[in-house]
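Peer 1: Encoded as structure tokens, here's the structure I'll be asking about.
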Amino acid sequence: MIEQMSTPPAGDHPKSAPMSTPVISSDGGQGLTLRRGADGGSPDTPPHDPSLTLSNGHRGDEQPIIAVTGLAKRYVMGGTVVHALRGVSLTVFRGEFVAVMGPSGSGKSTFMNLMGCLDRPTTGTYILDGLDVSQMSPDELAAVRNLKIGFIFQGFNLLPRATALANVQLPMVYAGMSSGERRERALAALDAVGLAERAHHKPSELSGGQQQRVAIARALVNDPAIILADEPTGNLDSRTSIEVMAILQELNRSGITVMLVTHEADIAAYSQRNVHFRDGEVVKDLAVGTPPDARDVLQTMPHIEDTV
Ligand SMILES: Nc1ncnc2c1ncn2[C@@H]1O[C@H](COP(=O)(O)OP(=O)(O)OP(=O)(O)O)[C@@H](O)[C@H]1O
Ligand SMILES: [Mg+2]
């Protein structure tokens, strides 16, 4: 059951015109640019008409990027069944920044893995960017994942013996791009997260925050519709965590939808909407009033490590 909260439910907070899919273009290797159509909408969507705006701030004709209905996931362990998710329904619109919270074992990672097309639900429907992915085969899911999802893990999941540049190029290998284009786009993505000068460093030669930034660049490089991050700041100190949040806020401002899992309320505060899980269900869905700008907060924090 959804609790009644003093703050309005997510979607009730005033929201400006919906953002559209960002287009990542590598401009001759000069850098990764995140751009939208001239009207703030993508070139293939009609100009925003305020008369169509609903009370929840979204357009009547707007398509959710995530539309989940009655999603359940059960694991059979020996003779017992683990109900990891028990009928989750959730809608996320393009351009939202959602934090998923909840106690350990409440189903957050199970949910994110489903959203990231890393796994299939036992029952329920998942429409990702207009595409029903609920019952796709593992191969089909892999193809959709490569096209639409940028996934960031708590443990970075970088190849230890590969350079930052090679790690970021990896998703494009499966996308069948030429090596020149892969290199150019990977350099642009590293530049976008402030790591152009570390392109030839291996993970062991980078700080935790820098490794996570490489992972963000890798998540970005295929121009995903959504970035999903499962506790991306879980292994980082306070300042580095805020640096990662600053990057995610910037990506979100450029139009990318972001959904992250965190245990920490002060990290969730940088998002626009907090969705709380308990025992495999969504129990709260709250709008965050005015999230602080992580860049401003960084100005007030002492430097703990060199974050060049
Ligand atoms: N592959 C699996 N096989 C069996 N049970 C699983 C599997 N993955 C998760 N579970 C169970 O499903 C439930 C939800 O797990 P999940 O990892 O989604 O929790 P979580 O909210 O991410 O927790 P945490 O905050 O500790 O990361 C737990 O009871 C867990 O033990
Ligand atoms: Mg988890």
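In the structure tokens, chains take the letters A, B, ... in the order shown, each chain's residues start at 1, and ligands count up from 1 in the order shown.
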Can you build me a table of chain A residues sitting at most 12 Å from ligand 2, with the closest atom pair per residue and its distance in Å to one decimal, using only C-alpha atoms and all ligand atoms, sorted by chain and residue number, as JSON lines?
Peer 2:
```
{"residue": "A:Ala84", "atom": "CA", "partner": "ligand 2", "partner_atom_place_in_ligand_line": "1 (Mg)", "distance": 11.1}
{"residue": "A:Val100", "atom": "CA", "partner": "ligand 2", "partner_atom_place_in_ligand_line": "1 (Mg)", "distance": 10.3}
{"residue": "A:Met101", "atom": "CA", "partner": "ligand 2", "partner_atom_place_in_ligand_line": "1 (Mg)", "distance": 9.8}
{"residue": "A:Gly102", "atom": "CA", "partner": "ligand 2", "partner_atom_place_in_ligand_line": "1 (Mg)", "distance": 9.5}
{"residue": "A:Pro103", "atom": "CA", "partner": "ligand 2", "partner_atom_place_in_ligand_line": "1 (Mg)", "distance": 9.2}
{"residue": "A:Ser104", "atom": "CA", "partner": "ligand 2", "partner_atom_place_in_ligand_line": "1 (Mg)", "distance": 6.8}
{"residue": "A:Gly105", "atom": "CA", "partner": "ligand 2", "partner_atom_place_in_ligand_line": "1 (Mg)", "distance": 7.0}
{"residue": "A:Ser106", "atom": "CA", "partner": "ligand 2", "partner_atom_place_in_ligand_line": "1 (Mg)", "distance": 8.3}
{"residue": "A:Gly107", "atom": "CA", "partner": "ligand 2", "partner_atom_place_in_ligand_line": "1 (Mg)", "distance": 7.1}
{"residue": "A:Lys108", "atom": "CA", "partner": "ligand 2", "partner_atom_place_in_ligand_line": "1 (Mg)", "distance": 5.5}
{"residue": "A:Ser109", "atom": "CA", "partner": "ligand 2", "partner_atom_place_in_ligand_line": "1 (Mg)", "distance": 4.0}
{"residue": "A:Thr110", "atom": "CA", "partner": "ligand 2", "partner_atom_place_in_ligand_line": "1 (Mg)", "distance": 7.2}
{"residue": "A:Phe111", "atom": "CA", "partner": "ligand 2", "partner_atom_place_in_ligand_line": "1 (Mg)", "distance": 9.1}
{"residue": "A:Met112", "atom": "CA", "partner": "ligand 2", "partner_atom_place_in_ligand_line": "1 (Mg)", "distance": 8.6}
{"residue": "A:Asn113", "atom": "CA", "partner": "ligand 2", "partner_atom_place_in_ligand_line": "1 (Mg)", "distance": 9.6}
{"residue": "A:Phe153", "atom": "CA", "partner": "ligand 2", "partner_atom_place_in_ligand_line": "1 (Mg)", "distance": 10.0}
{"residue": "A:Gln154", "atom": "CA", "partner": "ligand 2", "partner_atom_place_in_ligand_line": "1 (Mg)", "distance": 9.2}
{"residue": "A:Gly155", "atom": "CA", "partner": "ligand 2", "partner_atom_place_in_ligand_line": "1 (Mg)", "distance": 11.7}
{"residue": "A:Ala229", "atom": "CA", "partner": "ligand 2", "partner_atom_place_in_ligand_line": "1 (Mg)", "distance": 10.6}
{"residue": "A:Asp230", "atom": "CA", "partner": "ligand 2", "partner_atom_place_in_ligand_line": "1 (Mg)", "distance": 6.8}
{"residue": "A:Glu231", "atom": "CA", "partner": "ligand 2", "partner_atom_place_in_ligand_line": "1 (Mg)", "distance": 7.5}
{"residue": "A:Pro232", "atom": "CA", "partner": "ligand 2", "partner_atom_place_in_ligand_line": "1 (Mg)", "distance": 10.9}
{"residue": "A:Gly234", "atom": "CA", "partner": "ligand 2", "partner_atom_place_in_ligand_line": "1 (Mg)", "distance": 10.3}
{"residue": "A:Leu260", "atom": "CA", "partner": "ligand 2", "partner_atom_place_in_ligand_line": "1 (Mg)", "distance": 10.9}
{"residue": "A:Val261", "atom": "CA", "partner": "ligand 2", "partner_atom_place_in_ligand_line": "1 (Mg)", "distance": 7.8}
{"residue": "A:Thr262", "atom": "CA", "partner": "ligand 2", "partner_atom_place_in_ligand_line": "1 (Mg)", "distance": 8.8}
{"residue": "A:His263", "atom": "CA", "partner": "ligand 2", "partner_atom_place_in_ligand_line": "1 (Mg)", "distance": 9.4}
{"residue": "A:Phe277", "atom": "CA", "partner": "ligand 2", "partner_atom_place_in_ligand_line": "1 (Mg)", "distance": 11.3}
{"residue": "A:Gly280", "atom": "CA", "partner": "ligand 2", "partner_atom_place_in_ligand_line": "1 (Mg)", "distance": 11.9}
```
Peer 1: Rank A:Ala143, A:Val282, A:Ala162, A:Ile149 by their smallest atom-to-atom distance to ligand 1, using only C-alpha atoms and all ligand atoms, and report the top residue only.
Peer 2: A:Val282
Peer 1: Closest to ligand 1 among A:Val297, A:Met177, A:Asn222, A:Glu281, using only C-alpha atoms and all ligand atoms?
Peer 2: A:Glu281
Peer 1: Quick check, in Å to one decimal: how far apart do atom CA of Asp237 of chain A and atom CA of Ala217 of chain A lie?
Peer 2: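 Separating atom CA of Asp237 of chain A from atom CA of Ala217 of chain A is a distance of 19.9 Å.
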Peer 1: Would you mind listing what lies within 8 Å of Phe97 of chain A as a list in words, with only C-alpha atoms counted and same-chain residues fewer than 6 positions away left out?
Peer 2: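 Residues meeting the cut-off are Asn252, Thr257, Val258, Met259, Ser271, Gln272 and Arg273 of chain A.
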Peer 1: Would you save the residues from that selection as an mmCIF file, in the first residue's frame, using C-alpha atoms?
Peer 2:
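Contents of the output file again_30.cif:
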```
data_model
loop_
_atom_site.group_PDB
_atom_site.id
_atom_site.type_symbol
_atom_site.label_atom_id
_atom_site.label_comp_id
_atom_site.auth_asym_id
_atom_site.auth_seq_id
_atom_site.Cartn_x
_atom_site.Cartn_y
_atom_site.Cartn_z
ATOM 1 C CA ASN A 252 20.016 14.394 -16.026
ATOM 2 C CA THR A 257 16.660 9.746 -17.331
ATOM 3 C CA VAL A 258 18.529 8.516 -14.244
ATOM 4 C CA MET A 259 17.452 5.896 -11.716
ATOM 5 C CA SER A 271 17.343 13.173 -7.040
ATOM 6 C CA GLN A 272 13.837 14.494 -7.807
ATOM 7 C CA ARG A 273 11.860 11.500 -6.631
#
```
Peer 1: Between atom 12 (O, counted along the ligand's line) of ligand 1 and atom CA of Asp279 of chain A, what is the distance in Å, rounded to a tenth?
Peer 2: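 Distance between the two atoms: 9.1 Å.
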Peer 1: Calculated over only C-alpha atoms, which of the candidates A:Ala186, A:Ile267, A:Asn235, A:Glu243 has the smallest distance to Gln169 of chain A?
Peer 2: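 Between A:Ala186, A:Ile267, A:Asn235, A:Glu243, the residue approaching Gln169 of chain A most closely is A:Ala186.
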Peer 1: A:Arg145, A:His276, A:Ile256, A:Thr123: which is nearest ligand 1, counting only C-alpha atoms and all ligand atoms?
Peer 2: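 Of A:Arg145, A:His276, A:Ile256, A:Thr123, the one nearest ligand 1 is A:His276, counting only C-alpha atoms and all ligand atoms.
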Peer 1: So the first atom is atom 10 (N, counted along the ligand's line) of ligand 1 and the second is atom CA of Ala268 of chain A; what is the distance between them in Å, to one decimal place?
Peer 2: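 So the two atoms, atom 10 (N, counted along the ligand's line) of ligand 1 and atom CA of Ala268 of chain A, lie 23.3 Å apart.
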Peer 1: Ranking A:Tyr270, A:Glu62, A:Met136, A:Val214 by minimum distance to Arg94 of chain A and counting only C-alpha atoms, which one comes first?
Peer 2: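 The answer is A:Glu62, which sits nearest to Arg94 of chain A.
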Peer 1: Mind the document's chain letters and residue numbers, and return as a VMD selection string the residues of segment 58-247 of chain A that DSSP labels strand (DSSP E).
Peer 2: chain A and resid 64 to 77 80 to 93 97 to 101 123 to 128 131 to 132 149 to 153 226 to 230
Peer 1: Suppose we keep C-alpha atoms; can you now write the selection as a PDB file, in the first residue's frame?
Peer 2:
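Saved to out_15.pdb:
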```
ATOM      1  CA  PRO A  64       6.831   6.871 -20.166  1.00  0.00           C
ATOM      2  CA  ILE A  65      10.346   5.566 -20.477  1.00  0.00           C
ATOM      3  CA  ILE A  66       9.551   2.907 -17.882  1.00  0.00           C
ATOM      4  CA  ALA A  67       6.041   1.516 -17.418  1.00  0.00           C
ATOM      5  CA  VAL A  68       5.910  -1.413 -15.044  1.00  0.00           C
ATOM      6  CA  THR A  69       2.729  -3.214 -14.007  1.00  0.00           C
ATOM      7  CA  GLY A  70       2.399  -5.974 -11.416  1.00  0.00           C
ATOM      8  CA  LEU A  71       6.035  -6.995 -11.678  1.00  0.00           C
ATOM      9  CA  ALA A  72       6.910 -10.061  -9.605  1.00  0.00           C
ATOM     10  CA  LYS A  73      10.145 -11.991  -9.306  1.00  0.00           C
ATOM     11  CA  ARG A  74      10.372 -15.287  -7.461  1.00  0.00           C
ATOM     12  CA  TYR A  75      13.494 -17.332  -6.908  1.00  0.00           C
ATOM     13  CA  VAL A  76      13.198 -21.032  -6.084  1.00  0.00           C
ATOM     14  CA  MET A  77      15.891 -21.998  -3.591  1.00  0.00           C
ATOM     15  CA  THR A  80      11.544 -22.635  -0.731  1.00  0.00           C
ATOM     16  CA  VAL A  81      10.377 -19.757  -2.881  1.00  0.00           C
ATOM     17  CA  VAL A  82      11.882 -16.295  -2.318  1.00  0.00           C
ATOM     18  CA  HIS A  83       9.449 -13.541  -3.270  1.00  0.00           C
ATOM     19  CA  ALA A  84      11.983 -10.857  -4.213  1.00  0.00           C
ATOM     20  CA  LEU A  85       9.349  -8.622  -5.885  1.00  0.00           C
ATOM     21  CA  ARG A  86       5.638  -8.905  -5.174  1.00  0.00           C
ATOM     22  CA  GLY A  87       3.753  -6.945  -7.801  1.00  0.00           C
ATOM     23  CA  VAL A  88       5.525  -3.636  -8.394  1.00  0.00           C
ATOM     24  CA  SER A  89       3.843  -1.002 -10.549  1.00  0.00           C
ATOM     25  CA  LEU A  90       5.775   2.145 -11.400  1.00  0.00           C
ATOM     26  CA  THR A  91       5.919   4.737 -14.166  1.00  0.00           C
ATOM     27  CA  VAL A  92       8.975   6.839 -14.891  1.00  0.00           C
ATOM     28  CA  PHE A  93       8.902   9.613 -17.464  1.00  0.00           C
ATOM     29  CA  PHE A  97      15.880  11.491 -11.692  1.00  0.00           C
ATOM     30  CA  VAL A  98      14.663   8.734  -9.380  1.00  0.00           C
ATOM     31  CA  ALA A  99      16.331   7.313  -6.268  1.00  0.00           C
ATOM     32  CA  VAL A 100      15.280   3.810  -5.199  1.00  0.00           C
ATOM     33  CA  MET A 101      15.639   3.214  -1.468  1.00  0.00           C
ATOM     34  CA  THR A 123       5.099 -12.284 -13.957  1.00  0.00           C
ATOM     35  CA  GLY A 124       4.071  -8.739 -14.827  1.00  0.00           C
ATOM     36  CA  THR A 125       4.679  -6.317 -17.651  1.00  0.00           C
ATOM     37  CA  TYR A 126       7.644  -4.075 -18.343  1.00  0.00           C
ATOM     38  CA  ILE A 127       7.429  -1.591 -21.211  1.00  0.00           C
ATOM     39  CA  LEU A 128      10.810   0.062 -21.787  1.00  0.00           C
ATOM     40  CA  LEU A 131       8.919  -1.765 -26.127  1.00  0.00           C
ATOM     41  CA  ASP A 132       7.465  -4.740 -24.221  1.00  0.00           C
ATOM     42  CA  ILE A 149      20.470   1.027 -21.038  1.00  0.00           C
ATOM     43  CA  GLY A 150      23.579   2.363 -19.375  1.00  0.00           C
ATOM     44  CA  PHE A 151      24.193   0.380 -16.190  1.00  0.00           C
ATOM     45  CA  ILE A 152      26.521   1.502 -13.366  1.00  0.00           C
ATOM     46  CA  PHE A 153      27.446  -0.938 -10.587  1.00  0.00           C
ATOM     47  CA  ILE A 226      18.201   5.660 -19.347  1.00  0.00           C
ATOM     48  CA  ILE A 227      21.063   5.344 -16.902  1.00  0.00           C
ATOM     49  CA  LEU A 228      20.534   2.809 -14.113  1.00  0.00           C
ATOM     50  CA  ALA A 229      22.923   2.739 -11.170  1.00  0.00           C
ATOM     51  CA  ASP A 230      22.856   0.221  -8.309  1.00  0.00           C
TER      52      ASP A 230
END
```
Peer 1: I'd like to know which of A:Asp129, A:Asp119, A:Asp266, A:Glu96 is closest to ligand 1, using only C-alpha atoms and all ligand atoms.
Peer 2: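 For ligand 1, the nearest of the given residues is A:Asp119.
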